[in-house]
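For reference, upload_7.cif is printed below; it contains mmCIF, C-alpha atoms, pLDDT in the B column; chains and numbers go by the auth columns.
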```
data_data
#
loop_
_atom_site.group_PDB
_atom_site.id
_atom_site.type_symbol
_atom_site.label_atom_id
_atom_site.label_comp_id
_atom_site.label_asym_id
_atom_site.label_seq_id
_atom_site.Cartn_x
_atom_site.Cartn_y
_atom_site.Cartn_z
_atom_site.B_iso_or_equiv
_atom_site.auth_seq_id
_atom_site.auth_asym_id
ATOM 1 C CA MET A 1 117.789 78.583 118.296 54.00 1 A
ATOM 2 C CA PHE A 2 118.023 74.965 117.128 59.00 2 A
ATOM 3 C CA ALA A 3 114.845 75.324 115.065 66.00 3 A
ATOM 4 C CA TRP A 4 116.322 78.399 113.346 68.00 4 A
ATOM 5 C CA LEU A 5 119.548 76.556 112.505 75.00 5 A
ATOM 6 C CA PHE A 6 117.573 73.552 111.250 78.00 6 A
ATOM 7 C CA LEU A 7 115.508 75.751 108.916 79.00 7 A
ATOM 8 C CA TRP A 8 118.625 77.374 107.472 81.00 8 A
ATOM 9 C CA LEU A 9 120.239 73.948 106.979 84.00 9 A
ATOM 10 C CA VAL A 10 117.200 72.614 105.121 83.00 10 A
ATOM 11 C CA LEU A 11 117.031 75.787 103.007 84.00 11 A
ATOM 12 C CA GLY A 12 120.686 75.424 102.025 86.00 12 A
ATOM 13 C CA ILE A 13 120.151 71.796 101.009 86.00 13 A
ATOM 14 C CA TRP A 14 117.104 72.669 98.906 86.00 14 A
ATOM 15 C CA LEU A 15 118.900 75.518 97.121 87.00 15 A
ATOM 16 C CA THR A 16 121.999 73.421 96.422 90.00 16 A
ATOM 17 C CA ALA A 17 119.994 70.489 95.065 90.00 17 A
ATOM 18 C CA GLY A 18 117.861 72.834 92.978 87.00 18 A
ATOM 19 C CA ALA A 19 120.905 74.534 91.483 89.00 19 A
ATOM 20 C CA PHE A 20 122.406 71.215 90.351 90.00 20 A
ATOM 21 C CA ALA A 21 119.074 70.087 88.892 90.00 21 A
ATOM 22 C CA TYR A 22 118.650 73.359 87.000 88.00 22 A
ATOM 23 C CA VAL A 23 122.140 73.229 85.494 90.00 23 A
ATOM 24 C CA ALA A 24 121.600 69.639 84.347 90.00 24 A
ATOM 25 C CA TRP A 25 118.200 70.494 82.827 89.00 25 A
ATOM 26 C CA LYS A 26 119.588 73.559 81.064 88.00 26 A
ATOM 27 C CA ARG A 27 122.494 71.670 79.482 89.00 27 A
ATOM 28 C CA ARG A 28 120.255 68.847 78.332 89.00 28 A
ATOM 29 C CA ARG A 29 117.239 70.741 76.966 85.00 29 A
ATOM 30 C CA HIS A 30 118.706 74.136 75.951 86.00 30 A
ATOM 31 C CA PRO A 31 115.442 75.977 76.723 86.00 31 A
ATOM 32 C CA GLU A 32 114.566 79.502 75.677 87.00 32 A
ATOM 33 C CA ARG A 33 115.027 82.431 78.027 87.00 33 A
ATOM 34 C CA HIS A 34 111.425 82.732 79.191 88.00 34 A
ATOM 35 C CA GLN A 35 111.250 78.978 79.810 88.00 35 A
ATOM 36 C CA ARG A 36 114.371 79.158 81.985 90.00 36 A
ATOM 37 C CA TRP A 37 112.855 82.015 83.980 91.00 37 A
ATOM 38 C CA TRP A 38 109.601 80.087 84.419 92.00 38 A
ATOM 39 C CA VAL A 39 111.398 77.046 85.804 91.00 39 A
ATOM 40 C CA LEU A 40 113.578 79.168 88.094 91.00 40 A
ATOM 41 C CA GLY A 41 110.556 81.138 89.285 91.00 41 A
ATOM 42 C CA MET A 42 108.408 78.095 90.071 92.00 42 A
ATOM 43 C CA SER A 43 111.246 76.303 91.852 91.00 43 A
ATOM 44 C CA THR A 44 112.361 79.331 93.860 91.00 44 A
ATOM 45 C CA GLY A 45 108.786 80.218 94.757 90.00 45 A
ATOM 46 C CA ALA A 46 108.017 76.689 95.949 89.00 46 A
ATOM 47 C CA VAL A 47 111.113 76.605 98.160 89.00 47 A
ATOM 48 C CA GLY A 48 110.379 80.091 99.491 88.00 48 A
ATOM 49 C CA TYR A 49 106.765 79.226 100.303 89.00 49 A
ATOM 50 C CA SER A 50 107.798 76.075 102.136 87.00 50 A
ATOM 51 C CA HIS A 51 110.498 77.886 104.111 86.00 51 A
ATOM 52 C CA THR A 52 108.182 80.746 105.066 84.00 52 A
ATOM 53 C CA LEU A 53 105.810 78.261 106.697 84.00 53 A
ATOM 54 C CA ALA A 54 108.793 76.376 108.178 80.00 54 A
ATOM 55 C CA TYR A 55 107.985 73.299 106.056 78.00 55 A
ATOM 56 C CA GLY A 56 104.677 72.873 107.870 77.00 56 A
ATOM 57 C CA PHE A 57 105.979 73.302 111.415 76.00 57 A
ATOM 58 C CA ALA A 58 104.572 76.846 111.529 76.00 58 A
ATOM 59 C CA LEU A 59 101.079 75.346 111.303 78.00 59 A
ATOM 60 C CA THR A 60 101.606 72.725 114.019 80.00 60 A
ATOM 61 C CA ARG A 61 104.293 74.096 116.378 79.00 61 A
ATOM 62 C CA PRO A 62 104.633 77.835 115.754 79.00 62 A
ATOM 63 C CA THR A 63 105.881 78.715 119.247 79.00 63 A
ATOM 64 C CA GLU A 64 108.894 76.422 118.795 77.00 64 A
ATOM 65 C CA ILE A 65 109.773 78.201 115.551 79.00 65 A
ATOM 66 C CA CYS A 66 109.631 81.593 117.255 80.00 66 A
ATOM 67 C CA GLY A 67 111.741 80.456 120.211 76.00 67 A
ATOM 68 C CA GLN A 68 112.976 83.301 122.438 76.00 68 A
ATOM 69 C CA ARG A 69 113.713 86.892 121.505 72.00 69 A
ATOM 70 C CA THR A 70 116.738 87.088 123.836 71.00 70 A
ATOM 71 C CA LEU A 71 118.820 84.514 125.682 72.00 71 A
ATOM 72 C CA ASP A 72 117.377 85.630 129.028 74.00 72 A
ATOM 73 C CA ASN A 73 113.831 85.797 127.602 69.00 73 A
ATOM 74 C CA ASP A 74 113.484 89.463 128.554 74.00 74 A
ATOM 75 C CA TYR A 75 110.522 89.877 126.206 76.00 75 A
ATOM 76 C CA PRO A 76 108.284 86.777 126.392 82.00 76 A
ATOM 77 C CA LEU A 77 106.241 85.586 123.457 80.00 77 A
ATOM 78 C CA THR A 78 102.601 86.732 123.617 81.00 78 A
ATOM 79 C CA HIS A 79 101.086 85.162 120.492 78.00 79 A
ATOM 80 C CA VAL A 80 101.934 83.907 117.002 82.00 80 A
ATOM 81 C CA ARG A 81 100.203 84.671 113.720 81.00 81 A
ATOM 82 C CA VAL A 82 100.447 82.286 110.750 83.00 82 A
ATOM 83 C CA ASP A 83 98.951 83.137 107.349 79.00 83 A
ATOM 84 C CA VAL A 84 98.834 80.460 104.667 80.00 84 A
ATOM 85 C CA PHE A 85 98.460 82.907 101.760 77.00 85 A
ATOM 86 C CA PRO A 86 100.279 85.107 101.407 76.00 86 A
ATOM 87 C CA PRO A 87 102.555 83.004 103.635 83.00 87 A
ATOM 88 C CA ARG A 88 103.643 84.790 106.786 83.00 88 A
ATOM 89 C CA LEU A 89 104.920 83.792 110.207 85.00 89 A
ATOM 90 C CA ALA A 90 104.885 86.620 112.743 84.00 90 A
ATOM 91 C CA CYS A 91 106.015 86.291 116.370 85.00 91 A
ATOM 92 C CA TYR A 92 104.581 88.897 118.731 84.00 92 A
ATOM 93 C CA TRP A 93 106.491 89.738 121.905 83.00 93 A
ATOM 94 C CA THR A 94 105.801 91.980 124.873 81.00 94 A
ATOM 95 C CA ASP A 95 107.626 94.846 123.120 76.00 95 A
ATOM 96 C CA SER A 96 105.991 94.311 119.710 74.00 96 A
ATOM 97 C CA SER A 97 103.599 97.219 120.263 67.00 97 A
ATOM 98 C CA ALA A 98 106.581 99.540 119.840 66.00 98 A
ATOM 99 C CA TYR A 99 108.972 97.580 117.606 73.00 99 A
ATOM 100 C CA GLY A 100 106.670 95.246 115.683 75.00 100 A
ATOM 101 C CA PRO A 101 106.711 91.452 115.384 80.00 101 A
ATOM 102 C CA SER A 102 109.679 89.373 114.293 81.00 102 A
ATOM 103 C CA HIS A 103 109.708 87.080 111.275 82.00 103 A
ATOM 104 C CA PRO A 104 112.057 84.110 111.773 81.00 104 A
ATOM 105 C CA THR A 105 111.401 82.759 108.261 82.00 105 A
ATOM 106 C CA ALA A 106 111.752 86.046 106.389 82.00 106 A
ATOM 107 C CA ALA A 107 114.345 84.538 104.029 85.00 107 A
ATOM 108 C CA GLY A 108 111.628 82.331 102.570 87.00 108 A
ATOM 109 C CA THR A 109 109.472 85.366 101.920 86.00 109 A
ATOM 110 C CA TRP A 110 112.269 86.980 99.920 88.00 110 A
ATOM 111 C CA LEU A 111 112.744 83.784 97.923 90.00 111 A
ATOM 112 C CA LEU A 112 109.016 83.606 97.260 90.00 112 A
ATOM 113 C CA TRP A 113 108.925 87.112 95.852 89.00 113 A
ATOM 114 C CA CYS A 114 112.076 86.490 93.791 91.00 114 A
ATOM 115 C CA GLY A 115 110.354 83.455 92.290 92.00 115 A
ATOM 116 C CA ALA A 116 107.236 85.480 91.547 91.00 116 A
ATOM 117 C CA ALA A 117 109.366 88.181 89.898 92.00 117 A
ATOM 118 C CA LEU A 118 111.039 85.583 87.664 92.00 118 A
ATOM 119 C CA LEU A 119 107.652 84.180 86.645 93.00 119 A
ATOM 120 C CA VAL A 120 106.374 87.639 85.761 93.00 120 A
ATOM 121 C CA ALA A 121 109.566 88.511 83.881 92.00 121 A
ATOM 122 C CA GLY A 122 109.362 85.263 81.912 92.00 122 A
ATOM 123 C CA THR A 123 105.713 85.869 81.045 92.00 123 A
ATOM 124 C CA ALA A 124 106.422 89.456 79.954 90.00 124 A
ATOM 125 C CA THR A 125 109.334 88.272 77.797 89.00 125 A
ATOM 126 C CA TRP A 126 107.142 85.593 76.226 90.00 126 A
ATOM 127 C CA ALA A 127 104.404 88.170 75.511 88.00 127 A
ATOM 128 C CA MET A 128 106.893 90.542 73.879 87.00 128 A
ATOM 129 C CA THR A 129 108.290 87.849 71.585 85.00 129 A
ATOM 130 C CA LEU A 130 104.895 86.791 70.248 83.00 130 A
ATOM 131 C CA SER A 131 104.254 87.282 66.568 82.00 131 A
ATOM 132 C CA SER A 132 101.779 90.151 66.709 79.00 132 A
ATOM 133 C CA ARG A 133 101.294 93.591 65.172 81.00 133 A
ATOM 134 C CA THR A 134 100.386 95.141 68.538 83.00 134 A
ATOM 135 C CA PRO A 135 103.013 97.238 70.393 86.00 135 A
ATOM 136 C CA ARG A 136 105.436 95.239 72.475 87.00 136 A
ATOM 137 C CA TRP A 137 105.243 97.684 75.388 89.00 137 A
ATOM 138 C CA ALA A 138 101.470 97.238 75.548 89.00 138 A
ATOM 139 C CA ARG A 139 101.788 93.448 75.665 89.00 139 A
ATOM 140 C CA ALA A 140 104.341 93.702 78.445 90.00 140 A
ATOM 141 C CA GLY A 141 102.224 96.231 80.324 91.00 141 A
ATOM 142 C CA THR A 142 99.201 93.943 80.451 91.00 142 A
ATOM 143 C CA VAL A 143 101.398 91.468 82.336 92.00 143 A
ATOM 144 C CA LEU A 144 103.462 93.810 84.513 92.00 144 A
ATOM 145 C CA ALA A 145 100.655 96.095 85.719 93.00 145 A
ATOM 146 C CA PRO A 146 98.481 93.341 87.275 93.00 146 A
ATOM 147 C CA ALA A 147 101.595 91.727 88.749 93.00 147 A
ATOM 148 C CA ALA A 148 102.624 95.013 90.362 93.00 148 A
ATOM 149 C CA ALA A 149 99.099 95.518 91.724 93.00 149 A
ATOM 150 C CA ALA A 150 99.062 91.999 93.184 91.00 150 A
ATOM 151 C CA THR A 151 102.441 92.620 94.815 89.00 151 A
ATOM 152 C CA ILE A 152 101.256 95.884 96.387 90.00 152 A
ATOM 153 C CA TRP A 153 98.112 94.210 97.683 89.00 153 A
ATOM 154 C CA ALA A 154 99.888 91.131 99.058 85.00 154 A
ATOM 155 C CA THR A 155 102.685 93.060 100.780 83.00 155 A
ATOM 156 C CA GLY A 156 101.032 96.289 101.910 84.00 156 A
ATOM 157 C CA VAL A 157 97.271 95.794 102.104 87.00 157 A
ATOM 158 C CA ALA A 158 96.469 92.137 102.827 85.00 158 A
ATOM 159 C CA PRO A 159 98.625 91.885 106.005 83.00 159 A
ATOM 160 C CA LEU A 160 96.762 94.840 107.537 85.00 160 A
ATOM 161 C CA MET A 161 93.383 93.509 106.469 85.00 161 A
ATOM 162 C CA ASN A 162 94.029 90.225 108.272 80.00 162 A
ATOM 163 C CA LEU A 163 95.213 91.721 111.568 80.00 163 A
ATOM 164 C CA SER A 164 93.150 91.502 114.704 82.00 164 A
ATOM 165 C CA THR A 165 91.776 94.686 116.242 84.00 165 A
ATOM 166 C CA ILE A 166 94.505 94.819 118.902 83.00 166 A
ATOM 167 C CA ASP A 167 97.320 94.260 116.403 81.00 167 A
ATOM 168 C CA LEU A 168 95.859 96.902 114.086 85.00 168 A
ATOM 169 C CA ASP A 169 95.731 99.362 116.993 85.00 169 A
ATOM 170 C CA ASN A 170 99.419 98.643 117.577 81.00 170 A
ATOM 171 C CA GLU A 171 100.136 99.305 113.895 82.00 171 A
ATOM 172 C CA CYS A 172 98.366 102.649 114.202 86.00 172 A
ATOM 173 C CA PHE A 173 100.456 103.463 117.279 83.00 173 A
ATOM 174 C CA ARG A 174 103.713 102.576 115.499 81.00 174 A
ATOM 175 C CA TRP A 175 102.664 104.689 112.516 82.00 175 A
ATOM 176 C CA GLN A 176 101.920 107.581 114.852 82.00 176 A
ATOM 177 C CA VAL A 177 105.363 107.295 116.469 79.00 177 A
ATOM 178 C CA ALA A 178 107.121 107.020 113.077 78.00 178 A
ATOM 179 C CA HIS A 179 105.322 110.167 111.811 79.00 179 A
ATOM 180 C CA LEU A 180 105.525 112.098 115.051 74.00 180 A
ATOM 181 C CA HIS A 181 105.629 115.567 113.471 76.00 181 A
ATOM 182 C CA SER A 182 102.856 115.057 110.896 76.00 182 A
ATOM 183 C CA ALA A 183 100.529 112.477 112.470 75.00 183 A
ATOM 184 C CA PRO A 184 97.654 113.334 114.823 79.00 184 A
ATOM 185 C CA SER A 185 98.845 113.489 118.425 78.00 185 A
ATOM 186 C CA GLY A 186 95.664 112.233 120.115 80.00 186 A
ATOM 187 C CA GLU A 187 94.789 108.753 121.332 83.00 187 A
ATOM 188 C CA ILE A 188 93.459 106.003 119.066 83.00 188 A
ATOM 189 C CA VAL A 189 89.676 105.883 119.075 85.00 189 A
ATOM 190 C CA ASN A 190 88.786 103.452 116.294 86.00 190 A
ATOM 191 C CA THR A 191 90.070 101.630 113.210 86.00 191 A
ATOM 192 C CA GLU A 192 88.194 101.042 109.963 87.00 192 A
ATOM 193 C CA ARG A 193 88.886 98.681 107.056 87.00 193 A
ATOM 194 C CA SER A 194 87.270 98.260 103.648 85.00 194 A
ATOM 195 C CA PHE A 195 88.144 96.226 100.551 83.00 195 A
ATOM 196 C CA LEU A 196 86.522 98.325 97.798 80.00 196 A
ATOM 197 C CA PRO A 197 87.930 100.873 97.731 83.00 197 A
ATOM 198 C CA PRO A 198 90.829 99.531 99.821 86.00 198 A
ATOM 199 C CA ALA A 199 91.218 101.511 103.035 88.00 199 A
ATOM 200 C CA VAL A 200 92.792 101.019 106.451 88.00 200 A
ATOM 201 C CA ASP A 201 92.120 104.121 108.538 88.00 201 A
ATOM 202 C CA CYS A 202 93.181 104.991 112.065 87.00 202 A
ATOM 203 C CA THR A 203 90.852 107.379 113.860 87.00 203 A
ATOM 204 C CA PHE A 204 92.428 109.507 116.586 86.00 204 A
ATOM 205 C CA THR A 205 90.813 112.011 118.890 85.00 205 A
ATOM 206 C CA ASP A 206 92.138 114.861 116.721 82.00 206 A
ATOM 207 C CA GLY A 207 92.049 113.412 113.207 83.00 207 A
ATOM 208 C CA THR A 208 92.073 110.394 110.876 85.00 208 A
ATOM 209 C CA SER A 209 94.997 108.912 108.958 87.00 209 A
ATOM 210 C CA SER A 210 95.346 106.133 106.401 87.00 210 A
ATOM 211 C CA LEU A 211 97.939 103.400 106.752 87.00 211 A
ATOM 212 C CA ILE A 212 97.830 102.473 103.057 87.00 212 A
ATOM 213 C CA ARG A 213 97.831 105.870 101.387 88.00 213 A
ATOM 214 C CA ILE A 214 100.906 105.050 99.290 90.00 214 A
ATOM 215 C CA GLU A 215 99.584 101.579 98.467 90.00 215 A
ATOM 216 C CA THR A 216 96.261 103.035 97.299 90.00 216 A
ATOM 217 C CA LEU A 217 98.100 105.430 95.003 92.00 217 A
ATOM 218 C CA GLY A 218 100.160 102.540 93.632 92.00 218 A
ATOM 219 C CA LEU A 219 97.055 100.460 92.938 92.00 219 A
ATOM 220 C CA SER A 220 95.464 103.387 91.106 93.00 220 A
ATOM 221 C CA CYS A 221 98.582 103.820 88.963 94.00 221 A
ATOM 222 C CA CYS A 222 98.635 100.101 88.121 93.00 222 A
ATOM 223 C CA LEU A 223 94.985 100.224 87.075 94.00 223 A
ATOM 224 C CA THR A 224 95.656 103.266 84.888 94.00 224 A
ATOM 225 C CA VAL A 225 98.644 101.635 83.189 93.00 225 A
ATOM 226 C CA PHE A 226 96.676 98.430 82.611 93.00 226 A
ATOM 227 C CA LEU A 227 93.781 100.281 80.980 94.00 227 A
ATOM 228 C CA ILE A 228 96.156 102.260 78.750 92.00 228 A
ATOM 229 C CA CYS A 229 97.887 99.056 77.627 91.00 229 A
ATOM 230 C CA CYS A 230 94.556 97.346 76.929 90.00 230 A
ATOM 231 C CA ALA A 231 93.442 100.329 74.861 90.00 231 A
ATOM 232 C CA ALA A 232 96.740 100.278 72.967 88.00 232 A
ATOM 233 C CA LEU A 233 96.294 96.592 72.153 85.00 233 A
ATOM 234 C CA ARG A 234 92.839 97.386 70.826 83.00 234 A
ATOM 235 C CA LEU A 235 93.589 100.550 68.858 82.00 235 A
ATOM 236 C CA LEU A 236 97.280 100.525 67.927 69.00 236 A
ATOM 237 C CA LYS A 237 98.560 98.028 65.428 66.00 237 A
ATOM 238 C CA ALA A 238 101.679 98.184 63.337 53.00 238 A
ATOM 239 C CA PRO A 239 100.977 98.456 59.615 55.00 239 A
ATOM 240 C CA THR A 240 101.456 95.336 57.548 50.00 240 A
ATOM 241 C CA PRO A 241 104.466 95.760 55.212 53.00 241 A
ATOM 242 C CA LEU A 242 103.614 95.781 51.529 48.00 242 A
ATOM 243 C CA ARG A 243 104.994 92.931 49.489 56.00 243 A
ATOM 244 C CA SER A 244 106.639 93.740 46.198 51.00 244 A
ATOM 245 C CA HIS A 245 105.530 91.677 43.222 51.00 245 A
ATOM 246 C CA GLU A 246 108.296 90.970 40.735 52.00 246 A
ATOM 247 C CA PRO A 247 107.234 90.691 37.084 47.00 247 A
#
```

Structure re-expressed in structure tokens:
Amino acid sequence: MFAWLFLWLVLGIWLTAGAFAYVAWKRRRHPERHQRWWVLGMSTGAVGYSHTLAYGFALTRPTEICGQRTLDNDYPLTHVRVDVFPPRLACYWTDSSAYGPSHPTAAGTWLLWCGAALLVAGTATWAMTLSSRTPRWARAGTVLAPAAAATIWATGVAPLMNLSTIDLDNECFRWQVAHLHSAPSGEIVNTERSFLPPAVDCTFTDGTSSLIRIETLGLSCCLTVFLICCAALRLLKAPTPLRSHEP
């Protein structure tokens, strides 16, 4: 409980100090829009990354960050998982097989993704304002499509790829319970993972199901959009206006 309050106090101090520094920098330099978004994105992302890993305490004393799930400790802590990139602190309890782990530093994760979104938005804006005869939508697409693919991979695919066999079996069980009417009803026999093509499959006694079916579709769409934008940059160019010559 005290660790949780300490983390929120430090986060509030960082955000307040960052807001004052940004306002002072903006009034002094008068930067362009994409430059403002870049600075906001890098600052917010750095604070979010630090908070997600509890400013380093998640790497040295993760059990203290997790604390207790209830005041009476009805569901004791079984183990803790800490990922450096993408940053993630997950606390597994005795009831996590049914309800999933808890994330005491989830606010930092949201800040991290907000910072990444600002960086991508600033880069797309900068690409669209470049002096070029290529379509603006194609220039923006070559930035947004890879960013969307990276987001899908980091949020939906990478966490499952890094799970242990037991935790992945629990994920399959939770997926089976959440899709009770459409999922196979048999027991879990095996789990399979592959990077290319990305796949996380749960094998039951009466069928096989994928945990990243939607994510795979999203990655395919991002690849398609990226290739279309690259082709547009190569083939489509606005005509150069003719200059009139006065006698």

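We find atom CA of Leu196 of chain A and atom CA of Cys229 of chain A to be spaced 23.2 Å apart.
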
Apply the PyMOL selection byres ((chain A and resi 112-124) around 7) to the structure shown and report the selected residues as a ChimeraX atom specification.
/A:34-35,37-38,40-42,44-45,48-49,108-111,125-128,140,143-144,147

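Distances from A:Leu223, A:Ala138, A:Leu235, A:Asp169 to Phe204 of chain A were compared using all atoms listed in the file, and the smallest one belongs to A:Asp169.
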
Requested in this report: List the residues matched by the PyMOL selection byres ((chain A and resi 159-165) around 9) in the displayed structure as a list in words, ordered by chain and then by residue number.
Outcome: Arg81, Asp83, Pro86, Arg88, Trp153, Ala154, Thr155, Gly156, Val157, Ala158, Ile166, Asp167, Leu168, Asp169, Asn170, Glu171, Thr191, Arg193, Ser194, Phe195, Ala199, Val200, Leu211 and Ile212 of chain A

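Pairwise distance (atom CA of Thr142 of chain A, atom CA of Phe85 of chain A) equals 24.0 Å.
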
Residues selected by the PyMOL selection byres ((chain A and resi 58) around 10), written as a PyMOL selection string = chain A and resi 50-57+59-66+80-84+88-90+105

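Residues surrounding Glu187 of chain A within 9 Å are Phe173, Pro184, Thr203, Phe204, Thr205 and Asp206 of chain A [all atoms listed in the file; sequence separation below 3 positions excluded].
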
Each side padded by 4 Å, which centre and which edge lengths in Å (one decimal) define the axis-aligned box around the listed atoms of segment 195-204 of chain A? Give them as AutoDock Vina command-line options.
```
--center_x 89.9 --center_y 102.9 --center_z 107.2 --size_x 14.7 --size_y 21.3 --size_z 26.9
```

Please complete segment 67-78 of chain A with N, CA and C atoms and give it back as a PDB file, keeping the file's coordinate frame.
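Printed below is out.pdb as written:
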```
ATOM      1  N   GLY A  67     110.709  80.574 119.195  1.00 76.00           N
ATOM      2  CA  GLY A  67     111.741  80.456 120.211  1.00 76.00           C
ATOM      3  C   GLY A  67     111.692  81.599 121.211  1.00 76.00           C
ATOM      4  N   GLN A  68     112.853  82.186 121.507  1.00 76.00           N
ATOM      5  CA  GLN A  68     112.976  83.301 122.438  1.00 76.00           C
ATOM      6  C   GLN A  68     113.608  84.487 121.727  1.00 76.00           C
ATOM      7  N   ARG A  69     113.164  85.678 122.117  1.00 72.00           N
ATOM      8  CA  ARG A  69     113.713  86.892 121.505  1.00 72.00           C
ATOM      9  C   ARG A  69     115.126  87.161 121.984  1.00 72.00           C
ATOM     10  N   THR A  70     115.403  86.923 123.251  1.00 71.00           N
ATOM     11  CA  THR A  70     116.738  87.088 123.836  1.00 71.00           C
ATOM     12  C   THR A  70     117.096  85.826 124.603  1.00 71.00           C
ATOM     13  N   LEU A  71     118.375  85.689 124.943  1.00 72.00           N
ATOM     14  CA  LEU A  71     118.820  84.514 125.682  1.00 72.00           C
ATOM     15  C   LEU A  71     118.182  84.432 127.060  1.00 72.00           C
ATOM     16  N   ASP A  72     117.984  85.590 127.700  1.00 74.00           N
ATOM     17  CA  ASP A  72     117.377  85.630 129.028  1.00 74.00           C
ATOM     18  C   ASP A  72     115.863  85.726 128.984  1.00 74.00           C
ATOM     19  N   ASN A  73     115.283  85.703 127.770  1.00 69.00           N
ATOM     20  CA  ASN A  73     113.831  85.797 127.602  1.00 69.00           C
ATOM     21  C   ASN A  73     113.276  87.050 128.275  1.00 69.00           C
ATOM     22  N   ASP A  74     113.921  88.199 127.960  1.00 74.00           N
ATOM     23  CA  ASP A  74     113.484  89.463 128.554  1.00 74.00           C
ATOM     24  C   ASP A  74     112.124  89.899 128.034  1.00 74.00           C
ATOM     25  N   TYR A  75     111.804  89.503 126.813  1.00 76.00           N
ATOM     26  CA  TYR A  75     110.522  89.877 126.206  1.00 76.00           C
ATOM     27  C   TYR A  75     109.786  88.590 125.807  1.00 76.00           C
ATOM     28  N   PRO A  76     108.955  88.058 126.668  1.00 82.00           N
ATOM     29  CA  PRO A  76     108.284  86.777 126.392  1.00 82.00           C
ATOM     30  C   PRO A  76     107.367  86.856 125.182  1.00 82.00           C
ATOM     31  N   LEU A  77     107.131  85.699 124.603  1.00 80.00           N
ATOM     32  CA  LEU A  77     106.241  85.586 123.457  1.00 80.00           C
ATOM     33  C   LEU A  77     104.785  85.690 123.922  1.00 80.00           C
ATOM     34  N   THR A  78     104.008  86.558 123.257  1.00 81.00           N
ATOM     35  CA  THR A  78     102.601  86.732 123.617  1.00 81.00           C
ATOM     36  C   THR A  78     101.679  85.915 122.722  1.00 81.00           C
TER      37      THR A  78
END
```
